[in-house]
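This report refers to the structure that appears directly beneath it.
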Amino acid sequence: MSVSIVNVGMRENEKPLLEAANNASGYSVVHTVADPAEAGYWAGAHQPDITVVDVRWLNGRGIDFMRRFRTNRACADLPLLALVDEHDRNHRHQSLRAGANELISAPLDAYECQVRILNMLTVRAHRNL
């Protein structure tokens, strides 16, 4: 399956887990970015199937990125998965308000990540029929 995923701001120690989950499903992370401006531009220009954002990125600037992402007409309907600390209710709620379609807890669990991404892709495929 050819699926494009952009990873925004994920911590170095969690990238291999995301990549392992993706490789097990037959798709891969095609682009990883650390700069918010580059991430928004890249997503708007390439229309990834899923964007994964680490909310903890740059002291919570992942939330700001998601808000700007959702106001970009090219990105408004793209699936957005937010990586949040398991016990941080504030970031979980802010992520949902900022436009996250789904949340996944850190530390990242490769199996859970694989299933959530697959579910998001399934919903997107049905919506595009």
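Ordering of the structure tokens sets the chain letters (A, B, ...), residue numbers begin anew at 1 in every chain, and ligands are numbered from 1 in the order given.
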
Tell me which protein, DNA and RNA residues are within 7 Å of segment 55-65 of chain A, counting only C-alpha atoms, leaving out same-chain ones fewer than 6 positions away, and put them as a VMD selection string. chain A and resid 9 to 10 36 82 to 84 94 to 95 98

Same residues, C-alpha atoms, saved as a PDB file, in the first residue's frame:
ATOM      1  CA  GLY A   9       8.444  17.151  15.777  1.00  0.00           C
ATOM      2  CA  MET A  10       8.658  13.611  17.091  1.00  0.00           C
ATOM      3  CA  PRO A  36       6.933  24.302  12.064  1.00  0.00           C
ATOM      4  CA  ALA A  82      -1.499  13.823  17.986  1.00  0.00           C
ATOM      5  CA  LEU A  83       1.141  12.195  20.179  1.00  0.00           C
ATOM      6  CA  VAL A  84       0.486  13.272  23.785  1.00  0.00           C
ATOM      7  CA  GLN A  94      -6.086  21.077  23.646  1.00  0.00           C
ATOM      8  CA  SER A  95      -5.128  18.656  20.868  1.00  0.00           C
ATOM      9  CA  ALA A  98      -6.926  22.189  17.826  1.00  0.00           C
TER      10      ALA A  98
END

Secondary structure check, helix (DSSP H, G or I) residues of chain A, as a PyMOL selection string: chain A and resi 15-25+36-46+61-71+89-98+110-127

How many Å lie between atom CA of Val8 of chain A and atom CA of Gly26 of chain A, rounded to one decimal? 20.4 Å

Distance atom CA of Pro79 of chain A-atom CA of Thr51 of chain A, one decimal place?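 Interatomic distance here is 6.3 Å.
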
Out of chain A, which residues get strand (DSSP E) from DSSP, as an MDAnalysis selection string? chainID A and resid 4:8 28:33 50:54 80:85 102:106

Excluding segment 112-122 of chain A and residues on its chain fewer than 2 positions from it, collect all residues at most 8 Å away from it, counting only C-alpha atoms, and give them as a PyMOL selection string. chain A and resi 18+21-22+24-25+49-50+79+102+104+108-110+124-126

The distance between atom CA of Arg70 of chain A and atom CA of Pro16 of chain A is 27.0 Å

Return the single residue from A:Ala100, A:Leu129, A:Val3, A:Val53 that is closest to Gly40 of chain A, with distances computed using only C-alpha atoms.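 The shortest atom-to-atom distance to Gly40 of chain A comes from A:Val53.
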
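With only C-alpha atoms as the basis for measurement, A:Asp77 is the residue among A:Asp85, A:Pro107, A:Arg11, A:Asp77 that approaches Asn128 of chain A most closely.
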